[in-house]
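> Sharing protein20.pdb (PDB, C-alpha atoms and all ligand atoms) below.
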```pdb
MODEL        1
ATOM      1  CA  MET Y   1    -209.064 -29.106-119.416
ATOM      2  CA  GLU Y   2    -212.361 -27.217-119.912
ATOM      3  CA  ASN Y   3    -210.615 -24.521-121.950
ATOM      4  CA  ARG Y   4    -209.768 -27.011-124.743
ATOM      5  CA  LEU Y   5    -213.299 -26.440-126.121
ATOM      6  CA  LYS Y   6    -212.781 -22.687-126.183
ATOM      7  CA  TYR Y   7    -209.661 -23.097-128.349
ATOM      8  CA  GLY Y   8    -211.179 -25.755-130.632
ATOM      9  CA  PHE Y   9    -208.534 -28.317-129.705
ATOM     10  CA  ALA Y  10    -208.788 -31.751-131.394
ATOM     11  CA  PHE Y  11    -207.174 -34.765-129.643
ATOM     12  CA  LYS Y  12    -204.422 -36.498-131.628
ATOM     13  CA  LYS Y  13    -204.268 -40.230-131.140
ATOM     14  CA  LYS Y  14    -200.811 -40.414-132.729
ATOM     15  CA  TYR Y  15    -199.389 -38.439-129.781
ATOM     16  CA  GLY Y  16    -200.980 -40.681-127.143
ATOM     17  CA  GLN Y  17    -203.207 -37.843-125.892
ATOM     18  CA  ASN Y  18    -205.206 -39.310-123.014
ATOM     19  CA  PHE Y  19    -205.521 -36.499-120.499
ATOM     20  CA  LEU Y  20    -206.132 -36.549-116.768
ATOM     21  CA  SER Y  21    -208.129 -33.958-114.882
ATOM     22  CA  ASP Y  22    -209.256 -35.612-111.616
ATOM     23  CA  LYS Y  23    -207.775 -33.252-108.995
ATOM     24  CA  ASN Y  24    -207.518 -35.931-106.285
ATOM     25  CA  LEU Y  25    -205.636 -38.251-108.623
ATOM     26  CA  LEU Y  26    -203.308 -35.474-109.786
ATOM     27  CA  SER Y  27    -202.438 -34.508-106.183
ATOM     28  CA  ALA Y  28    -201.917 -38.176-105.338
ATOM     29  CA  ILE Y  29    -199.446 -38.565-108.234
ATOM     30  CA  VAL Y  30    -197.477 -35.535-107.029
ATOM     31  CA  ARG Y  31    -197.329 -37.096-103.546
ATOM     32  CA  ASP Y  32    -196.361 -40.511-104.986
ATOM     33  CA  ALA Y  33    -193.507 -38.772-106.802
ATOM     34  CA  GLY Y  34    -192.068 -37.406-103.551
ATOM     35  CA  VAL Y  35    -192.084 -33.852-104.937
ATOM     36  CA  GLU Y  36    -191.123 -31.308-102.265
ATOM     37  CA  ARG Y  37    -190.458 -27.558-102.126
ATOM     38  CA  GLY Y  38    -186.864 -28.036-103.304
ATOM     39  CA  THR Y  39    -187.592 -30.518-106.118
ATOM     40  CA  ASN Y  40    -186.970 -29.780-109.781
ATOM     41  CA  VAL Y  41    -189.311 -31.739-112.033
ATOM     42  CA  LEU Y  42    -189.065 -32.809-115.656
ATOM     43  CA  GLU Y  43    -192.421 -33.630-117.237
ATOM     44  CA  ILE Y  44    -192.795 -35.166-120.690
ATOM     45  CA  GLY Y  45    -196.152 -34.353-122.251
ATOM     46  CA  THR Y  46    -197.760 -31.216-120.792
ATOM     47  CA  GLY Y  47    -201.130 -31.956-122.400
ATOM     48  CA  ALA Y  48    -203.677 -29.424-121.147
ATOM     49  CA  GLY Y  49    -201.390 -28.678-118.192
ATOM     50  CA  ASP Y  50    -203.447 -30.207-115.368
ATOM     51  CA  LEU Y  51    -200.669 -32.420-113.963
ATOM     52  CA  THR Y  52    -198.198 -29.586-114.605
ATOM     53  CA  ARG Y  53    -200.326 -27.268-112.430
ATOM     54  CA  ALA Y  54    -200.449 -29.788-109.597
ATOM     55  CA  LEU Y  55    -196.653 -30.123-109.867
ATOM     56  CA  CYS Y  56    -196.152 -26.335-109.840
ATOM     57  CA  GLU Y  57    -198.072 -26.154-106.544
ATOM     58  CA  ARG Y  58    -195.446 -28.323-104.799
ATOM     59  CA  ALA Y  59    -192.195 -28.209-106.784
ATOM     60  CA  LYS Y  60    -189.384 -25.679-106.956
ATOM     61  CA  PHE Y  61    -189.347 -25.694-110.760
ATOM     62  CA  VAL Y  62    -191.097 -27.645-113.513
ATOM     63  CA  LEU Y  63    -189.640 -28.083-116.994
ATOM     64  CA  SER Y  64    -192.309 -29.579-119.228
ATOM     65  CA  TYR Y  65    -192.104 -30.724-122.863
ATOM     66  CA  GLU Y  66    -195.021 -30.843-125.269
ATOM     67  CA  ILE Y  67    -194.791 -31.868-128.924
ATOM     68  CA  ASP Y  68    -198.215 -30.543-129.960
ATOM     69  CA  LYS Y  69    -198.033 -26.780-130.552
ATOM     70  CA  THR Y  70    -201.838 -26.541-130.936
ATOM     71  CA  LEU Y  71    -201.980 -26.984-127.142
ATOM     72  CA  LYS Y  72    -200.062 -23.728-126.614
ATOM     73  CA  PRO Y  73    -203.027 -21.376-125.903
ATOM     74  CA  ILE Y  74    -204.616 -23.934-123.563
ATOM     75  CA  ILE Y  75    -201.364 -24.445-121.658
ATOM     76  CA  GLU Y  76    -200.650 -20.713-121.455
ATOM     77  CA  GLU Y  77    -204.056 -20.116-119.902
ATOM     78  CA  SER Y  78    -203.776 -23.115-117.597
ATOM     79  CA  LEU Y  79    -200.349 -22.129-116.246
ATOM     80  CA  SER Y  80    -200.694 -18.336-116.347
ATOM     81  CA  SER Y  81    -200.504 -17.897-112.561
ATOM     82  CA  TYR Y  82    -197.297 -19.908-112.076
ATOM     83  CA  ARG Y  83    -193.774 -18.491-112.320
ATOM     84  CA  ASN Y  84    -191.930 -21.743-111.555
ATOM     85  CA  VAL Y  85    -192.595 -23.433-114.884
ATOM     86  CA  GLU Y  86    -191.187 -23.485-118.396
ATOM     87  CA  VAL Y  87    -192.949 -25.293-121.227
ATOM     88  CA  VAL Y  88    -190.865 -26.256-124.256
ATOM     89  CA  PHE Y  89    -192.837 -27.073-127.409
ATOM     90  CA  GLN Y  90    -190.525 -29.698-128.859
ATOM     91  CA  ASP Y  91    -190.351 -33.428-129.444
ATOM     92  CA  PHE Y  92    -188.644 -34.596-126.236
ATOM     93  CA  SER Y  93    -187.011 -37.558-127.985
ATOM     94  CA  LYS Y  94    -184.962 -35.139-130.088
ATOM     95  CA  GLU Y  95    -183.687 -33.163-127.085
ATOM     96  CA  ASP Y  96    -180.201 -33.551-125.611
ATOM     97  CA  LEU Y  97    -180.627 -35.058-122.119
ATOM     98  CA  LYS Y  98    -177.172 -33.850-121.041
ATOM     99  CA  GLU Y  99    -178.157 -30.210-121.767
ATOM    100  CA  ILE Y 100    -181.428 -30.638-119.847
ATOM    101  CA  GLU Y 101    -179.539 -32.098-116.880
ATOM    102  CA  LYS Y 102    -177.108 -29.152-116.918
ATOM    103  CA  LYS Y 103    -180.083 -26.826-116.615
ATOM    104  CA  LEU Y 104    -181.998 -28.807-113.947
ATOM    105  CA  GLY Y 105    -179.249 -30.244-111.751
ATOM    106  CA  LYS Y 106    -180.908 -32.894-109.596
ATOM    107  CA  TYR Y 107    -184.459 -33.600-110.723
ATOM    108  CA  ARG Y 108    -187.305 -36.117-110.800
ATOM    109  CA  VAL Y 109    -189.300 -37.224-113.829
ATOM    110  CA  VAL Y 110    -193.046 -37.036-113.249
ATOM    111  CA  ALA Y 111    -195.238 -37.770-116.254
ATOM    112  CA  ASN Y 112    -198.346 -39.319-117.672
ATOM    113  CA  LEU Y 113    -196.382 -40.762-120.573
ATOM    114  CA  PRO Y 114    -197.611 -40.951-124.182
ATOM    115  CA  TYR Y 115    -198.088 -44.701-124.648
ATOM    116  CA  TYR Y 116    -196.306 -44.956-128.019
ATOM    117  CA  LEU Y 117    -193.084 -43.608-126.493
ATOM    118  CA  THR Y 118    -193.142 -45.211-123.045
ATOM    119  CA  THR Y 119    -190.471 -47.896-123.382
ATOM    120  CA  PRO Y 120    -187.873 -45.819-125.298
ATOM    121  CA  LEU Y 121    -188.336 -42.942-122.831
ATOM    122  CA  LEU Y 122    -187.928 -45.177-119.802
ATOM    123  CA  MET Y 123    -184.877 -46.846-121.355
ATOM    124  CA  ARG Y 124    -183.368 -43.448-122.022
ATOM    125  CA  PHE Y 125    -183.693 -42.306-118.410
ATOM    126  CA  VAL Y 126    -182.424 -45.507-116.849
ATOM    127  CA  GLU Y 127    -179.531 -45.832-119.279
ATOM    128  CA  GLU Y 128    -178.409 -42.249-119.879
ATOM    129  CA  SER Y 129    -179.499 -40.002-117.031
ATOM    130  CA  GLU Y 130    -176.898 -38.826-114.548
ATOM    131  CA  SER Y 131    -178.624 -36.364-112.224
ATOM    132  CA  CYS Y 132    -182.111 -37.905-112.230
ATOM    133  CA  GLU Y 133    -183.172 -38.943-108.707
ATOM    134  CA  GLY Y 134    -186.141 -41.037-109.730
ATOM    135  CA  LEU Y 135    -189.204 -41.587-111.863
ATOM    136  CA  CYS Y 136    -192.922 -41.434-111.148
ATOM    137  CA  VAL Y 137    -194.736 -42.324-114.339
ATOM    138  CA  MET Y 138    -198.227 -43.230-115.450
ATOM    139  CA  VAL Y 139    -197.980 -46.126-117.904
ATOM    140  CA  GLN Y 140    -200.264 -48.786-119.325
ATOM    141  CA  GLU Y 141    -200.781 -51.622-116.831
ATOM    142  CA  GLU Y 142    -198.972 -54.111-119.050
ATOM    143  CA  VAL Y 143    -195.856 -51.883-119.092
ATOM    144  CA  ALA Y 144    -196.131 -51.397-115.315
ATOM    145  CA  GLU Y 145    -195.995 -55.178-114.921
ATOM    146  CA  ARG Y 146    -192.954 -55.413-117.204
ATOM    147  CA  MET Y 147    -191.213 -52.685-115.191
ATOM    148  CA  CYS Y 148    -191.666 -54.597-111.918
ATOM    149  CA  ALA Y 149    -191.420 -58.220-113.162
ATOM    150  CA  LYS Y 150    -189.455 -61.001-111.469
ATOM    151  CA  SER Y 151    -186.868 -62.961-113.480
ATOM    152  CA  GLY Y 152    -188.167 -66.075-115.203
ATOM    153  CA  THR Y 153    -191.697 -64.683-115.702
ATOM    154  CA  PRO Y 154    -193.032 -63.867-119.192
ATOM    155  CA  GLU Y 155    -193.161 -60.123-118.348
ATOM    156  CA  TYR Y 156    -189.474 -60.047-117.378
ATOM    157  CA  GLY Y 157    -187.167 -58.577-120.011
ATOM    158  CA  ALA Y 158    -184.651 -55.938-121.065
ATOM    159  CA  LEU Y 159    -186.778 -53.104-119.633
ATOM    160  CA  THR Y 160    -187.046 -54.794-116.213
ATOM    161  CA  SER Y 161    -183.289 -55.429-115.944
ATOM    162  CA  ALA Y 162    -182.302 -51.985-117.196
ATOM    163  CA  ILE Y 163    -184.588 -50.386-114.582
ATOM    164  CA  ALA Y 164    -183.441 -52.676-111.754
ATOM    165  CA  ARG Y 165    -179.846 -51.455-112.150
ATOM    166  CA  ARG Y 166    -181.053 -47.963-111.133
ATOM    167  CA  GLY Y 167    -183.603 -48.875-108.438
ATOM    168  CA  GLU Y 168    -186.634 -50.919-107.479
ATOM    169  CA  ALA Y 169    -189.746 -50.302-109.581
ATOM    170  CA  LYS Y 170    -193.000 -50.278-107.596
ATOM    171  CA  ILE Y 171    -196.600 -50.051-108.739
ATOM    172  CA  VAL Y 172    -197.981 -47.480-106.317
ATOM    173  CA  ARG Y 173    -201.399 -46.888-107.829
ATOM    174  CA  LYS Y 174    -203.723 -48.551-110.326
ATOM    175  CA  VAL Y 175    -205.713 -46.120-112.446
ATOM    176  CA  PRO Y 176    -208.862 -47.230-114.269
ATOM    177  CA  ARG Y 177    -209.295 -46.155-117.912
ATOM    178  CA  GLU Y 178    -212.435 -44.132-117.027
ATOM    179  CA  LEU Y 179    -210.246 -41.458-115.408
ATOM    180  CA  PHE Y 180    -208.677 -40.466-118.758
ATOM    181  CA  PHE Y 181    -210.139 -38.384-121.564
ATOM    182  CA  PRO Y 182    -210.451 -39.616-124.247
ATOM    183  CA  GLN Y 183    -210.804 -43.019-122.581
ATOM    184  CA  PRO Y 184    -208.073 -45.490-123.654
ATOM    185  CA  GLN Y 185    -208.717 -49.205-124.241
ATOM    186  CA  VAL Y 186    -206.659 -50.347-121.235
ATOM    187  CA  ASP Y 187    -206.162 -49.523-117.566
ATOM    188  CA  SER Y 188    -203.005 -47.808-116.330
ATOM    189  CA  ALA Y 189    -200.803 -47.687-113.249
ATOM    190  CA  VAL Y 190    -198.432 -45.259-111.577
ATOM    191  CA  VAL Y 191    -194.941 -46.707-111.137
ATOM    192  CA  THR Y 192    -192.120 -45.193-109.098
ATOM    193  CA  VAL Y 193    -188.412 -45.954-109.365
ATOM    194  CA  ASP Y 194    -186.107 -44.418-106.770
ATOM    195  CA  PHE Y 195    -182.653 -44.108-108.352
ATOM    196  CA  SER Y 196    -180.897 -44.214-104.969
ATOM    197  CA  GLY Y 197    -181.532 -48.000-104.925
ATOM    198  CA  GLY Y 198    -180.139 -50.207-107.677
ATOM    199  CA  PHE Y 199    -176.640 -51.630-107.941
ATOM    200  CA  GLU Y 200    -173.249 -50.612-109.312
ATOM    201  CA  VAL Y 201    -171.694 -52.017-112.469
ATOM    202  CA  LYS Y 202    -168.200 -51.355-113.800
ATOM    203  CA  SER Y 203    -169.487 -50.138-117.156
ATOM    204  CA  PRO Y 204    -173.096 -49.085-117.839
ATOM    205  CA  ALA Y 205    -172.391 -49.480-121.582
ATOM    206  CA  CYS Y 206    -171.244 -53.049-121.048
ATOM    207  CA  PHE Y 207    -174.308 -53.739-118.859
ATOM    208  CA  ARG Y 208    -176.520 -52.456-121.700
ATOM    209  CA  ALA Y 209    -174.798 -54.860-124.110
ATOM    210  CA  ALA Y 210    -175.175 -57.761-121.639
ATOM    211  CA  VAL Y 211    -178.896 -56.996-121.204
ATOM    212  CA  ARG Y 212    -179.381 -56.957-124.970
ATOM    213  CA  CYS Y 213    -177.490 -60.242-125.221
ATOM    214  CA  ALA Y 214    -179.492 -61.953-122.434
ATOM    215  CA  PHE Y 215    -182.865 -61.178-124.047
ATOM    216  CA  GLN Y 216    -181.826 -61.115-127.686
ATOM    217  CA  ASN Y 217    -183.037 -64.524-128.701
ATOM    218  CA  ARG Y 218    -185.192 -65.980-125.970
ATOM    219  CA  ARG Y 219    -185.218 -69.461-127.492
ATOM    220  CA  LYS Y 220    -181.422 -69.743-127.499
ATOM    221  CA  THR Y 221    -179.267 -70.538-124.475
ATOM    222  CA  LEU Y 222    -177.303 -67.731-122.873
ATOM    223  CA  GLU Y 223    -174.105 -69.478-123.987
ATOM    224  CA  ASN Y 224    -175.147 -69.240-127.648
ATOM    225  CA  ASN Y 225    -176.300 -65.647-127.266
ATOM    226  CA  LEU Y 226    -172.953 -64.733-125.650
ATOM    227  CA  MET Y 227    -171.089 -66.278-128.573
ATOM    228  CA  GLY Y 228    -173.177 -64.297-131.053
ATOM    229  CA  SER Y 229    -173.209 -60.967-129.207
ATOM    230  CA  PHE Y 230    -169.568 -60.834-128.141
ATOM    231  CA  SER Y 231    -167.950 -62.935-130.919
ATOM    232  CA  LEU Y 232    -166.776 -65.555-128.408
ATOM    233  CA  THR Y 233    -165.740 -69.140-128.972
ATOM    234  CA  ARG Y 234    -167.838 -71.723-127.148
ATOM    235  CA  GLU Y 235    -164.965 -72.241-124.681
ATOM    236  CA  GLN Y 236    -164.791 -68.507-123.916
ATOM    237  CA  ALA Y 237    -168.569 -68.373-123.381
ATOM    238  CA  LYS Y 238    -168.443 -71.419-121.054
ATOM    239  CA  GLU Y 239    -165.559 -69.871-119.098
ATOM    240  CA  LEU Y 240    -167.513 -66.643-118.618
ATOM    241  CA  LEU Y 241    -170.534 -68.542-117.305
ATOM    242  CA  ARG Y 242    -168.299 -70.522-114.942
ATOM    243  CA  LEU Y 243    -166.696 -67.333-113.576
ATOM    244  CA  ALA Y 244    -170.121 -65.716-113.161
ATOM    245  CA  GLU Y 245    -171.343 -68.894-111.388
ATOM    246  CA  ILE Y 246    -174.168 -69.265-113.905
ATOM    247  CA  PRO Y 247    -175.068 -72.845-114.838
ATOM    248  CA  GLU Y 248    -174.475 -73.895-118.437
ATOM    249  CA  GLY Y 249    -177.561 -74.396-120.567
ATOM    250  CA  VAL Y 250    -179.665 -71.622-118.992
ATOM    251  CA  ARG Y 251    -181.532 -69.035-121.020
ATOM    252  CA  GLY Y 252    -180.837 -65.352-120.438
ATOM    253  CA  GLU Y 253    -184.362 -64.651-119.241
ATOM    254  CA  VAL Y 254    -183.839 -66.595-115.982
ATOM    255  CA  LEU Y 255    -180.911 -64.411-114.875
ATOM    256  CA  THR Y 256    -181.616 -61.819-112.210
ATOM    257  CA  PRO Y 257    -180.550 -58.246-113.071
ATOM    258  CA  GLN Y 258    -177.693 -58.647-110.550
ATOM    259  CA  GLU Y 259    -176.453 -61.781-112.364
ATOM    260  CA  ILE Y 260    -176.512 -59.855-115.646
ATOM    261  CA  GLY Y 261    -174.500 -57.160-113.817
ATOM    262  CA  LYS Y 262    -171.910 -59.718-112.693
ATOM    263  CA  LEU Y 263    -171.655 -61.101-116.222
ATOM    264  CA  SER Y 264    -171.248 -57.617-117.679
ATOM    265  CA  ASP Y 265    -168.465 -56.797-115.174
ATOM    266  CA  LEU Y 266    -166.593 -59.941-116.242
ATOM    267  CA  ILE Y 267    -167.043 -59.056-119.917
ATOM    268  CA  PHE Y 268    -165.752 -55.553-119.148
ATOM    269  CA  ILE Y 269    -162.734 -56.711-117.085
ATOM    270  CA  ARG Y 270    -161.740 -59.201-119.747
ATOM    271  CA  ASN Y 271    -162.110 -56.483-122.374
ATOM    272  CA  LEU Y 272    -164.198 -58.686-124.628
ATOM    273  CA  PRO Y 273    -165.463 -57.175-127.867
TER
HETATM  274  N1  LIG I   1    -199.745 -34.556-118.792
HETATM  275  C1  LIG I   1    -201.014 -34.527-119.461
HETATM  276  C2  LIG I   1    -202.078 -35.179-118.588
HETATM  277  O1  LIG I   1    -201.695 -35.954-117.698
HETATM  278  O2  LIG I   1    -203.258 -34.939-118.830
HETATM  279  C3  LIG I   1    -200.983 -35.182-120.844
HETATM  280  C4  LIG I   1    -200.591 -36.633-120.856
HETATM  281  S1  LIG I   1    -200.864 -37.430-122.419
HETATM  282  C5  LIG I   1    -200.905 -39.123-121.920
HETATM  283  C6  LIG I   1    -199.256 -37.376-123.196
HETATM  284  C7  LIG I   1    -198.842 -36.011-123.732
HETATM  285  O3  LIG I   1    -197.530 -36.158-124.314
HETATM  286  C8  LIG I   1    -199.708 -35.460-124.840
HETATM  287  O4  LIG I   1    -200.063 -34.122-124.561
HETATM  288  C9  LIG I   1    -198.850 -35.522-126.102
HETATM  289  O5  LIG I   1    -199.140 -34.516-127.049
HETATM  290  C10 LIG I   1    -197.454 -35.377-125.503
HETATM  291  N2  LIG I   1    -196.371 -35.956-126.334
HETATM  292  C11 LIG I   1    -196.453 -37.020-127.149
HETATM  293  N3  LIG I   1    -195.271 -37.265-127.731
HETATM  294  C12 LIG I   1    -194.399 -36.334-127.247
HETATM  295  C13 LIG I   1    -193.023 -36.067-127.465
HETATM  296  N4  LIG I   1    -192.300 -36.805-128.299
HETATM  297  N5  LIG I   1    -192.447 -35.017-126.833
HETATM  298  C14 LIG I   1    -193.193 -34.245-125.977
HETATM  299  N6  LIG I   1    -194.514 -34.466-125.735
HETATM  300  C15 LIG I   1    -195.111 -35.498-126.353
ENDMDL
END
```
Output the file's structure in the form of structure tokens.


Amino acid sequence: MENRLKYGFAFKKKYGQNFLSDKNLLSAIVRDAGVERGTNVLEIGTGAGDLTRALCERAKFVLSYEIDKTLKPIIEESLSSYRNVEVVFQDFSKEDLKEIEKKLGKYRVVANLPYYLTTPLLMRFVEESESCEGLCVMVQEEVAERMCAKSGTPEYGALTSAIARRGEAKIVRKVPRELFFPQPQVDSAVVTVDFSGGFEVKSPACFRAAVRCAFQNRRKTLENNLMGSFSLTREQAKELLRLAEIPEGVRGEVLTPQEIGKLSDLIFIRNLP
């Protein structure tokens, strides 16, 4: 990161630029991610390239996205001795994930995520990715807790359930704010999700709709939310709950991700709107 001074780089808060440079921490993240000689890695947010370099040391290939083109000279210098890396200077949220997956085949996401984009990015990988084998991401501690929450707790929500369908989220490392530059206002944590865990559903699209329904209006009962989300009569909603063996009168937030999966399979089989 030292070369940022040489190129007169100014940090941009709007892009969530809180960089890491502690070599021990960077190596630990690469180990946490399970990156091996044959692993292809997708990184979102190259920054000054310090995590990218640590990844290049272990991975087969690293594809890294960076939105801020003013980082280009710093990144070029930082990664000049590696041949197994490609940096794309684009907004990752505008990229076509299917095209990226065609290029990478099987891959792992390893990233110190920009905080303003964390939830939509995570949702995108758990909902849309097909050849992703897992995630190892640095996120704010509060997001880490939401990723790993148990049903019925205040942290539990759509993000938790969507992730649980793909695998178990684990906080593997807490990272104090002092290790970032510039220093953020909160601490962070590294969370891994291995996509070989998780559970099957008949239709991922229907599961997405059921997750949205379960957490849509937390003050309403699941029965009422089902009626609203799927245009059901009260009798149809009650019948669904009976078939899914979910007691009447519960709120969506107490359902486990597996129960939401069961409900979504029933909605799918019965071809409800
Ligand atoms: N990987 C570096 C590190 O660990 O030091 C930088 C991490 S920093 C938390 C997040 C990086 O993501 C920043 O460099 C920021 O410019 C970049 N970024 C923010 N939004 C982005 C987007 N939509 N697409 C690609 N990169 C983005």

> Go through the shown structure with the PyMOL selection byres (((chain Y and resi 42) around 10) and not hetatm) and write out the matching residues as a ChimeraX atom specification.

/Y:39-41,43-45,52,55,61-65,86,100-101,104,107-111,132,135

> So how far away is CA of Ser93 in chain Y from CA of Glu66 in chain Y, in Å?

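Distance between the two atoms: 10.8 Å.
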
> Find the residue from Y:Leu263, Y:Ile29, Y:Met147, Y:Ile171 that sits nearest to ligand LIG 1 (chain I); use all atoms listed in the file when measuring.

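Smallest distance to ligand LIG 1 (chain I) is found for Y:Ile29.
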
> When you count all atoms listed in the file, which of these residues is closest to Leu232 in chain Y: Y:Arg58, Y:Arg270, Y:Arg53, Y:Lys94?

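Selected residue with least distance to Leu232 in chain Y: Y:Arg270.
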
> Find the residues around range 217-226 of chain Y up to 8 Å (only C-alpha atoms counted), leave out those fewer than 6 positions away in its own chain, and share them as a ChimeraX atom specification.

/Y:232,234,237-238,241,248-253

> I'd like the residues picked by the PyMOL selection byres (((not hetatm)) within 8 of (chain I and resi 1)) written out as a ChimeraX atom specification, using the chain letters and numbers from the file.

/Y:12,14-21,43-52,65-68,71,89-94,111-117,180

> When you count all atoms listed in the file, which of these residues is closest to Asp96 in chain Y: Y:Gln140, Y:Ser129, Y:Gln258, Y:Ser231?

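Using all atoms listed in the file, Asp96 in chain Y sits closest to Y:Ser129.
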
> Near range 158-163 of chain Y, counting all atoms listed in the file, which residues have an atom at most 7 Å away, once you skip same-chain residues fewer than 6 positions from it, shown as a list in words?

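So, after excluding close chain neighbours, the residues are Met123, Val126, Arg146, Met147, Cys148, Ala149, Val211, Arg212, Phe215 and Pro257 of chain Y.
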
> For CA of Phe195 in chain Y and CA of Ala33 in chain Y, quote the distance in Å rounded to one decimal.

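Interatomic distance here is 12.2 Å.
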
> Given the file shown, determine the residues that the PyMOL selection byres (((chain Y and resi 198) around 8) and not hetatm) selects; report them as number ranges by chain.

Y: 164-168, 195-197, 199-200

> Please compute the CA of Lys23 in chain Y-CA of Glu57 in chain Y distance, one decimal, in Å.

12.3 Å

> Quick one: 5 Å padding each side, axis-aligned, all listed atoms of range 74-88 of chain Y - centre and edge lengths in Å to one decimal, as AutoDock Vina command-line options?


```
--center_x -197.7 --center_y -22.1 --center_z -117.9 --size_x 23.8 --size_y 18.4 --size_z 22.7
```
